[in-house]
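Below is one structure, written out as structure tokens; the observations come after it.
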There are 2 protein chains.
Amino acid sequence: MAITVNQIAEICKVSRTTVLRALNDSGSVGKETKERILSVAKEYNYRPNLLARSLNHGRTMSLGVVTINIENMYFVQSLNIINKEADKRGYFTNIVVCDESLDWERKLIQGLADRQMEGILISPINKGKEFEDFLLSLNIPVVCIGNQVSDSITTVQVNEMAAAMESVDLIVSKGYERIIFICPPLAVKEKENIYVHEQRLLGFQASAAKYPGLIQEVIGKTDYLPDVEEMLARKDQGKTAFLCSGDSYALNVMRWGQQNGMSIPDDFGLMGFDDINILEFITPKLTTVSTNLEGVAATAVSELLTQIDSEDYVPKAIYLNYKILDRETL
Amino acid sequence: MAITVNQIAEICKVSRTTVLRALNDSGSVGKETKERILSVAKEYNYRPNLLARSLNHGRTMSLGVVTINIENMYFVQSLNIINKEADKRGYFTNIVVCDESLDWERKLIQGLADRQMEGILISPINKGKEFEDFLLSLNIPVVCIGNQVSDSITTVQVNEMAAAMESVDLIVSKGYERIIFICPPLAVKEKENIYVHEQRLLGFQASAAKYPGLIQEVIGKTDYLPDVEEMLARKDQGKTAFLCSGDSYALNVMRWGQQNGMSIPDDFGLMGFDDINILEFITPKLTTVSTNLEGVAATAVSELLTQIDSEDYVPKAIYLNYKILDRETL
DNA sequence: TTGTAGGCGTTATCAT
DNA sequence: ATGATAACGCCTACAA
């Protein structure tokens, strides 16, 4: 289908080498020959086969990125940045999406490795020793975003625990007497990597403990709205705020509240995590924590490239600054 | 770094061929030899190099997908479906994002082609004869989603014009006397592919013409909110609705209205296009048109694979059904 | 200025 | 049951 160097050589009745020299401007080629070669190449629309080239010199100049279900919106915002950052350094970015299945994630990572990606970026949903071993066995630089897997794999993240603690401080400072923390089911943590949420929970608990009178509760289940309702029904517990480990939880609670004729923050306070970009369309403006996705993404790429270029790379845990965004729901 | 068949052969002191036979369960290998080979392969974590394999038999079993800026959310929802559909048929999906730049888009498409993708899916922002020639010169099956490039390249879409006409009918049936159509700047259409929006505009105009008393206006600019304000200020024009070629326009108008103390649909009607998934969080529920992204995506993949497998493929224009979602903003 | 020869890792064909 | 050889398309010594 596509024309190759060999075919051009045949057409021009010269050797492959000469064709290569003409095409790549290397070595010296007779002026007349060169013109002939170039015109044939152009006519047949010659393009080097990058598989062959990569196979030859052992470099693909490509990075693999694994994203979770895009509809979750977390991590999605980073894709553009990763792409641009990689391009600046001459790398091509291949994105694959895993739709929240542990097996798929592994399968996709393997697929990227088999295709000789030079490095892989991932916010993994797998966890544990076996997964760590799997990643290490790939013999490919890997950088994790957010969810940590182990000390031997670099993770770029925000200090989620500190962010959660500061959030509690903020909520308390606004006069709330009860804080309810909403996060994914904690049972899954045996299998699934919810490191980020665990860190936030730890921060929540540590900070809440500092305030004697404060009532703290945790809702860790998929079907959390009934619990929200039930807890709000108990009116004797004082002014209540929800701290949600993820903006989408907060948005669902907000919608529920609006549907039930409540107003925020009058009837209850609400705070999220991540500052996902659809918040701009939501009223009232959600108080949340910016986890600096852009910065994290850019850093992750640059760290990955560093790792690719290093002989003796030492894995790190890199923390970037988060930012509390005090808006309208507290 | 990674071990190869050759190295295994050397270690086991047999020929590559034998190693291959053991690894792929083909031909016959001595039981003892096979065990030895398999154990070495396992020990060194052997994985076939897909570049080499692809180079050999001329197939990569990979599709390329080019998306526009992911933050726009249009097209994003399709990614999962494309991925799954492709996987069902044994294909790997490589996604790249072009961030709304015409040059990037071309560059990325070329990159995918150079990497021997067997087919490319794209909702192009480029247009015109030159771009068409470029795509054809790739000699790779291409399927466009939404934005048409030419008759010689298959496009999967929804009949946007009909959808716009029906939308106008709906709006009129609700008693509106003026409809304002909001879409991207029409000036860019010389360079940029906004086929989808053009079709909707045509539908709007055609349908509006059917209603004698109806006042119709078009706002086609990036900074459309001032015009929205100005047009609403003219109170003598009767009951007004905005028909937006894209939900994000509608959401921006909605937010603007809410910030200015207006209520929808009492002060003005609002209708969007696309039914992007964040609408579920928005109150009031936006009346819009489902452009069946899921169906379009799945069809596009399947059509692409058909094209890949065909010797003599005939490009088509494929139309799927849209659906008017009459919700709360009219 | 031009050409020959070998290799990247895999596979398929044809021998032994 | 095992091996030798060539091919995919590109690149790089090393000749001539």
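Residue names in the structure tokens use chain letters A, B, ... in the order shown, residue numbers from 1 in each chain, and ligand numbers from 1 in the order shown.
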
Quiz item: Which polymer residues have any atom within 12 Å of an atom of B:Leu286, counting only C-alpha atoms (C1' of nucleotides), with same-chain residues fewer than 6 positions away left out, as a PyMOL selection string?
Solution: chain B and resi 242-244+246-255+264-265+269-280+324-330

Just write the chosen residues, N, CA and C atoms, as an mmCIF file, in the first residue's frame.
data_model
loop_
_atom_site.group_PDB
_atom_site.id
_atom_site.type_symbol
_atom_site.label_atom_id
_atom_site.label_comp_id
_atom_site.auth_asym_id
_atom_site.auth_seq_id
_atom_site.Cartn_x
_atom_site.Cartn_y
_atom_site.Cartn_z
ATOM 1 N N PHE B 242 -34.100 31.071 23.030
ATOM 2 C CA PHE B 242 -32.792 30.900 22.399
ATOM 3 C C PHE B 242 -32.614 29.446 22.008
ATOM 4 N N LEU B 243 -32.203 29.235 20.784
ATOM 5 C CA LEU B 243 -31.871 27.885 20.334
ATOM 6 C C LEU B 243 -30.360 27.866 20.146
ATOM 7 N N CYS B 244 -29.679 27.089 20.975
ATOM 8 C CA CYS B 244 -28.214 27.137 20.981
ATOM 9 C C CYS B 244 -27.603 25.913 20.305
ATOM 10 N N GLY B 246 -25.323 23.812 20.601
ATOM 11 C CA GLY B 246 -24.356 23.278 21.556
ATOM 12 C C GLY B 246 -24.783 23.612 22.973
ATOM 13 N N ASP B 247 -24.792 22.615 23.830
ATOM 14 C CA ASP B 247 -25.281 22.821 25.189
ATOM 15 C C ASP B 247 -24.461 23.829 25.986
ATOM 16 N N SER B 248 -23.167 23.929 25.697
ATOM 17 C CA SER B 248 -22.387 24.845 26.525
ATOM 18 C C SER B 248 -22.803 26.293 26.283
ATOM 19 N N TYR B 249 -23.187 26.607 25.049
ATOM 20 C CA TYR B 249 -23.739 27.944 24.825
ATOM 21 C C TYR B 249 -24.959 28.147 25.707
ATOM 22 N N ALA B 250 -25.829 27.151 25.691
ATOM 23 C CA ALA B 250 -27.063 27.256 26.463
ATOM 24 C C ALA B 250 -26.760 27.415 27.953
ATOM 25 N N LEU B 251 -25.783 26.658 28.423
ATOM 26 C CA LEU B 251 -25.458 26.751 29.849
ATOM 27 C C LEU B 251 -24.926 28.123 30.215
ATOM 28 N N ASN B 252 -24.146 28.692 29.313
ATOM 29 C CA ASN B 252 -23.634 30.032 29.587
ATOM 30 C C ASN B 252 -24.753 31.066 29.622
ATOM 31 N N VAL B 253 -25.701 30.916 28.714
ATOM 32 C CA VAL B 253 -26.836 31.833 28.701
ATOM 33 C C VAL B 253 -27.654 31.650 29.983
ATOM 34 N N MET B 254 -27.819 30.394 30.355
ATOM 35 C CA MET B 254 -28.581 30.104 31.571
ATOM 36 C C MET B 254 -27.924 30.762 32.785
ATOM 37 N N ARG B 255 -26.630 30.581 32.891
ATOM 38 C CA ARG B 255 -25.909 31.165 34.018
ATOM 39 C C ARG B 255 -26.041 32.693 34.014
ATOM 40 N N ILE B 264 -35.960 30.917 34.138
ATOM 41 C CA ILE B 264 -36.194 30.196 32.888
ATOM 42 C C ILE B 264 -37.195 29.079 33.170
ATOM 43 N N PRO B 265 -38.238 28.910 32.374
ATOM 44 C CA PRO B 265 -38.522 29.582 31.104
ATOM 45 C C PRO B 265 -39.440 30.793 31.210
ATOM 46 N N GLY B 269 -37.114 31.406 26.903
ATOM 47 C CA GLY B 269 -36.963 29.976 26.683
ATOM 48 C C GLY B 269 -35.537 29.647 26.266
ATOM 49 N N LEU B 270 -35.140 28.402 26.476
ATOM 50 C CA LEU B 270 -33.755 28.022 26.178
ATOM 51 C C LEU B 270 -33.708 26.577 25.713
ATOM 52 N N MET B 271 -32.980 26.358 24.637
ATOM 53 C CA MET B 271 -32.845 24.992 24.148
ATOM 54 C C MET B 271 -31.432 24.787 23.642
ATOM 55 N N GLY B 272 -30.887 23.609 23.880
ATOM 56 C CA GLY B 272 -29.521 23.343 23.463
ATOM 57 C C GLY B 272 -29.440 22.235 22.427
ATOM 58 N N PHE B 273 -28.232 21.732 22.251
ATOM 59 C CA PHE B 273 -27.968 20.647 21.321
ATOM 60 C C PHE B 273 -26.895 19.756 21.914
ATOM 61 N N ASP B 274 -27.055 18.472 21.829
ATOM 62 C CA ASP B 274 -26.042 17.457 22.164
ATOM 63 C C ASP B 274 -26.340 16.614 23.396
ATOM 64 N N ASP B 275 -27.045 17.198 24.369
ATOM 65 C CA ASP B 275 -27.288 16.469 25.615
ATOM 66 C C ASP B 275 -26.002 15.973 26.262
ATOM 67 N N ILE B 276 -25.084 16.893 26.485
ATOM 68 C CA ILE B 276 -23.831 16.507 27.142
ATOM 69 C C ILE B 276 -24.119 16.035 28.559
ATOM 70 N N ASN B 277 -23.251 15.171 29.062
ATOM 71 C CA ASN B 277 -23.618 14.463 30.283
ATOM 72 C C ASN B 277 -23.613 15.295 31.560
ATOM 73 N N ILE B 278 -23.047 16.488 31.524
ATOM 74 C CA ILE B 278 -23.078 17.268 32.758
ATOM 75 C C ILE B 278 -24.443 17.891 32.994
ATOM 76 N N LEU B 279 -25.328 17.810 32.009
ATOM 77 C CA LEU B 279 -26.655 18.414 32.169
ATOM 78 C C LEU B 279 -27.385 17.863 33.376
ATOM 79 N N GLU B 280 -27.065 16.623 33.743
ATOM 80 C CA GLU B 280 -27.778 16.031 34.866
ATOM 81 C C GLU B 280 -27.615 16.830 36.159
ATOM 82 N N ILE B 324 -35.468 14.585 20.353
ATOM 83 C CA ILE B 324 -35.739 15.856 21.025
ATOM 84 C C ILE B 324 -36.076 15.563 22.484
ATOM 85 N N LEU B 325 -35.365 16.202 23.384
ATOM 86 C CA LEU B 325 -35.621 15.988 24.807
ATOM 87 C C LEU B 325 -36.302 17.217 25.385
ATOM 88 N N ASP B 326 -37.617 17.142 25.468
ATOM 89 C CA ASP B 326 -38.408 18.288 25.926
ATOM 90 C C ASP B 326 -38.425 18.304 27.450
ATOM 91 N N ARG B 327 -37.584 19.145 28.034
ATOM 92 C CA ARG B 327 -37.482 19.143 29.487
ATOM 93 C C ARG B 327 -38.048 20.413 30.115
ATOM 94 N N GLU B 328 -37.249 21.177 30.822
ATOM 95 C CA GLU B 328 -37.875 22.243 31.619
ATOM 96 C C GLU B 328 -37.618 23.681 31.171
ATOM 97 N N THR B 329 -36.869 23.886 30.093
ATOM 98 C CA THR B 329 -36.481 25.271 29.803
ATOM 99 C C THR B 329 -37.226 25.912 28.639
ATOM 100 N N LEU B 330 -38.338 25.305 28.264
ATOM 101 C CA LEU B 330 -39.164 25.944 27.227
ATOM 102 C C LEU B 330 -40.571 26.121 27.757
#

Quiz prompt | Residue set, stretch 28-274 of chain B restricted to strand (DSSP E or B), as number ranges by chain | solution = B: 62-67, 92-97, 119-122, 142-145, 154-158, 178-183, 215-220, 240-244, 269-271, 274

Could you write out that same residue set with N, CA and C atoms as a compact mmCIF listing (two decimals), in the first residue's frame?
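Once written, out27.txt looks like this:
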# COMPACT_ATOMS: atom_id res chain seq x y z
N SER B 62 -4.58 -1.79 15.45
CA SER B 62 -4.79 -0.58 16.25
C SER B 62 -5.55 0.47 15.47
N LEU B 63 -6.42 1.16 16.17
CA LEU B 63 -7.14 2.27 15.57
C LEU B 63 -6.67 3.56 16.22
N GLY B 64 -6.69 4.63 15.46
CA GLY B 64 -6.36 5.94 16.01
C GLY B 64 -7.61 6.78 16.12
N VAL B 65 -7.72 7.53 17.22
CA VAL B 65 -8.86 8.42 17.39
C VAL B 65 -8.33 9.81 17.70
N VAL B 66 -8.79 10.79 16.96
CA VAL B 66 -8.37 12.16 17.22
C VAL B 66 -9.52 12.91 17.86
N THR B 67 -9.29 13.46 19.04
CA THR B 67 -10.36 14.23 19.67
C THR B 67 -9.97 15.69 19.74
N PHE B 92 -6.95 -2.41 19.29
CA PHE B 92 -6.46 -1.52 20.35
C PHE B 92 -6.76 -0.09 19.91
N THR B 93 -7.12 0.76 20.86
CA THR B 93 -7.47 2.13 20.49
C THR B 93 -6.46 3.13 21.02
N ASN B 94 -5.94 3.91 20.12
CA ASN B 94 -5.02 4.98 20.52
C ASN B 94 -5.69 6.32 20.35
N ILE B 95 -5.83 7.04 21.46
CA ILE B 95 -6.47 8.34 21.40
C ILE B 95 -5.41 9.44 21.46
N VAL B 96 -5.61 10.46 20.65
CA VAL B 96 -4.74 11.63 20.75
C VAL B 96 -5.63 12.87 20.81
N VAL B 97 -5.16 13.93 21.44
CA VAL B 97 -6.01 15.11 21.53
C VAL B 97 -5.34 16.32 20.88
N GLY B 119 -6.81 2.26 10.96
CA GLY B 119 -7.95 3.11 10.63
C GLY B 119 -7.96 4.30 11.57
N ILE B 120 -8.61 5.37 11.14
CA ILE B 120 -8.65 6.58 11.95
C ILE B 120 -10.07 7.12 12.07
N LEU B 121 -10.42 7.45 13.30
CA LEU B 121 -11.72 8.05 13.59
C LEU B 121 -11.49 9.50 13.97
N ILE B 122 -12.32 10.38 13.42
CA ILE B 122 -12.07 11.78 13.70
C ILE B 122 -13.32 12.64 13.51
N VAL B 142 -10.59 6.04 6.87
CA VAL B 142 -10.93 7.12 7.79
C VAL B 142 -12.44 7.22 7.88
N VAL B 143 -12.94 7.41 9.08
CA VAL B 143 -14.37 7.69 9.24
C VAL B 143 -14.52 8.97 10.05
N CYS B 144 -15.32 9.88 9.54
CA CYS B 144 -15.57 11.13 10.25
C CYS B 144 -16.82 11.01 11.10
N ILE B 145 -16.78 11.68 12.23
CA ILE B 145 -17.93 11.71 13.12
C ILE B 145 -18.47 13.12 13.15
N THR B 154 -16.32 8.53 4.51
CA THR B 154 -17.53 8.18 5.25
C THR B 154 -17.74 9.07 6.47
N THR B 155 -18.96 9.54 6.63
CA THR B 155 -19.31 10.33 7.81
C THR B 155 -20.48 9.68 8.52
N VAL B 156 -20.37 9.56 9.82
CA VAL B 156 -21.48 9.07 10.62
C VAL B 156 -22.01 10.24 11.43
N GLN B 157 -23.29 10.45 11.34
CA GLN B 157 -23.84 11.65 11.97
C GLN B 157 -25.33 11.49 12.22
N VAL B 158 -25.87 12.56 12.74
CA VAL B 158 -27.31 12.65 12.96
C VAL B 158 -27.80 13.70 11.97
N ARG B 178 -40.39 34.81 19.07
CA ARG B 178 -39.07 35.18 18.54
C ARG B 178 -38.07 34.09 18.91
N ILE B 179 -37.29 33.65 17.94
CA ILE B 179 -36.26 32.64 18.23
C ILE B 179 -34.90 33.19 17.84
N ILE B 180 -33.97 33.10 18.78
CA ILE B 180 -32.61 33.57 18.50
C ILE B 180 -31.68 32.37 18.49
N PHE B 181 -30.99 32.21 17.38
CA PHE B 181 -30.11 31.06 17.19
C PHE B 181 -28.68 31.47 17.55
N ILE B 182 -28.06 30.73 18.46
CA ILE B 182 -26.68 31.05 18.86
C ILE B 182 -25.74 29.96 18.37
N CYS B 183 -24.68 30.35 17.70
CA CYS B 183 -23.72 29.37 17.15
C CYS B 183 -22.34 29.99 17.09
N ILE B 215 -40.28 36.03 14.56
CA ILE B 215 -39.06 36.83 14.39
C ILE B 215 -37.86 35.91 14.60
N GLN B 216 -36.94 35.91 13.67
CA GLN B 216 -35.76 35.06 13.83
C GLN B 216 -34.49 35.89 13.75
N GLU B 217 -33.55 35.55 14.62
CA GLU B 217 -32.27 36.25 14.60
C GLU B 217 -31.15 35.25 14.84
N VAL B 218 -29.96 35.64 14.45
CA VAL B 218 -28.80 34.75 14.62
C VAL B 218 -27.66 35.49 15.30
N ILE B 219 -27.13 34.87 16.34
CA ILE B 219 -25.92 35.42 16.96
C ILE B 219 -24.79 34.44 16.68
N GLY B 220 -23.83 34.87 15.89
CA GLY B 220 -22.73 33.97 15.55
C GLY B 220 -21.41 34.61 15.92
N THR B 240 -39.64 35.25 23.87
CA THR B 240 -38.38 34.92 23.19
C THR B 240 -37.75 33.61 23.68
N ALA B 241 -37.21 32.86 22.73
CA ALA B 241 -36.44 31.65 23.09
C ALA B 241 -35.10 31.65 22.37
N PHE B 242 -34.10 31.07 23.03
CA PHE B 242 -32.79 30.90 22.40
C PHE B 242 -32.61 29.45 22.01
N LEU B 243 -32.20 29.23 20.78
CA LEU B 243 -31.87 27.88 20.33
C LEU B 243 -30.36 27.87 20.15
N CYS B 244 -29.68 27.09 20.98
CA CYS B 244 -28.21 27.14 20.98
C CYS B 244 -27.60 25.91 20.31
N GLY B 269 -37.11 31.41 26.90
CA GLY B 269 -36.96 29.98 26.68
C GLY B 269 -35.54 29.65 26.27
N LEU B 270 -35.14 28.40 26.48
CA LEU B 270 -33.75 28.02 26.18
C LEU B 270 -33.71 26.58 25.71
N MET B 271 -32.98 26.36 24.64
CA MET B 271 -32.84 24.99 24.15
C MET B 271 -31.43 24.79 23.64
N ASP B 274 -27.05 18.47 21.83
CA ASP B 274 -26.04 17.46 22.16
C ASP B 274 -26.34 16.61 23.40

Self-check item: chain A contacts on chain C, only C-alpha atoms (C1' of nucleotides), 10 Å, as a list in words
Solution: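 Filtering chain C at 10 Å from chain A with only C-alpha atoms (C1' of nucleotides) gives DT1, DT2, DG3, DT4, DG7, DC8 and DG9 of chain C.
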
Quiz item: Among stretch 4-107 of chain B, which residues carry a DSSP assignment of alpha helix (DSSP H), reported as a ChimeraX atom specification?
Solution: /B:5-12,16-24,31-43,50-57,78-88,102-107

Quiz item: Do you have the atom CA of A:Thr283-atom CA of B:Gly175 distance handy?
Solution: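 So the answer is 28.5 Å.
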
Practice problem: For chain D, list the residues within 8 Å of chain B, counting only C-alpha atoms (C1' of nucleotides), and write the list as a list of chain:residue names. | Solution: D:DA1, D:DT2, D:DG3, D:DA7, D:DC8, D:DG9

Quiz prompt | atom CA of A:Asn147 to atom CA of A:Ser123, straight-line distance in Å | solution = 5.7 Å

Quiz item: Closest to B:Asn80 among B:Met117, B:Val301, B:Ile68, B:Ala317, using only C-alpha atoms?
Solution: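 So, comparing all the options, the nearest one is B:Val301.
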
Exercise. Work out how far apart atom CA of B:Glu160 and atom CA of B:Glu294 are and give it in Å to one decimal.
Key: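 About the pair atom CA of B:Glu160 and atom CA of B:Glu294: they are 15.8 Å apart.
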
Quiz item: Looking at only C-alpha atoms, which of A:Ile109, A:Val149, A:Val228, A:Ile125 is the one that sits closest to chain B?
Solution: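 Closest residue, counting only C-alpha atoms: A:Ile109.
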
Quiz item: Using only C-alpha atoms (C1' of nucleotides), which residues sit within 12 Å of D:DA6 once same-chain residues fewer than 6 positions away are excluded, as a PyMOL selection string?
Solution: (chain B and resi 56) or (chain C and resi 11-14)

Residues from the last selection, N, CA, C and O atoms (P, O5', C5', C4', C3', O3' and C1' of nucleotides), saved as a CSV table (one decimal), in the first residue's frame:
chain,number,residue,atom,x,y,z
B,56,ASN,N,6.2,-7.4,10.7
B,56,ASN,CA,6.2,-8.6,9.9
B,56,ASN,C,4.9,-8.9,9.1
B,56,ASN,O,5.0,-9.1,7.9
C,11,DT,P,5.4,-13.6,16.6
C,11,DT,O5',5.5,-14.0,15.1
C,11,DT,C5',4.8,-13.3,14.1
C,11,DT,C4',5.2,-13.9,12.7
C,11,DT,C3',4.8,-15.3,12.5
C,11,DT,O3',4.0,-15.4,11.3
C,11,DT,C1',7.0,-14.9,11.7
C,12,DA,P,3.0,-16.6,11.0
C,12,DA,O5',3.2,-16.8,9.4
C,12,DA,C5',3.9,-15.9,8.7
C,12,DA,C4',4.6,-16.7,7.5
C,12,DA,C3',4.1,-18.1,7.3
C,12,DA,O3',4.1,-18.4,5.9
C,12,DA,C1',6.4,-18.2,7.8
C,13,DT,P,3.5,-19.8,5.3
C,13,DT,O5',4.7,-20.3,4.5
C,13,DT,C5',5.7,-19.4,3.9
C,13,DT,C4',6.9,-20.2,3.4
C,13,DT,C3',6.6,-21.6,3.0
C,13,DT,O3',7.4,-21.9,1.8
C,13,DT,C1',8.3,-21.5,4.6
C,14,DC,P,7.0,-23.2,1.0
C,14,DC,O5',8.4,-23.9,0.9
C,14,DC,C5',9.6,-23.1,1.0
C,14,DC,C4',10.7,-23.9,1.6
C,14,DC,C3',10.7,-25.4,1.3
C,14,DC,O3',11.9,-25.8,0.7
C,14,DC,C1',11.0,-25.1,3.6

Quiz item: Smallest atom-to-atom distance to chain B: which of A:Leu232, A:Gln258, A:His197, A:Asn159, using only C-alpha atoms?
Solution: A:Gln258

Practice problem: Using only C-alpha atoms, pick whichever of A:Tyr313, A:Trp104, A:Tyr224, A:Phe131 has the shortest atom-to-atom distance to chain B. | Solution: A:Trp104
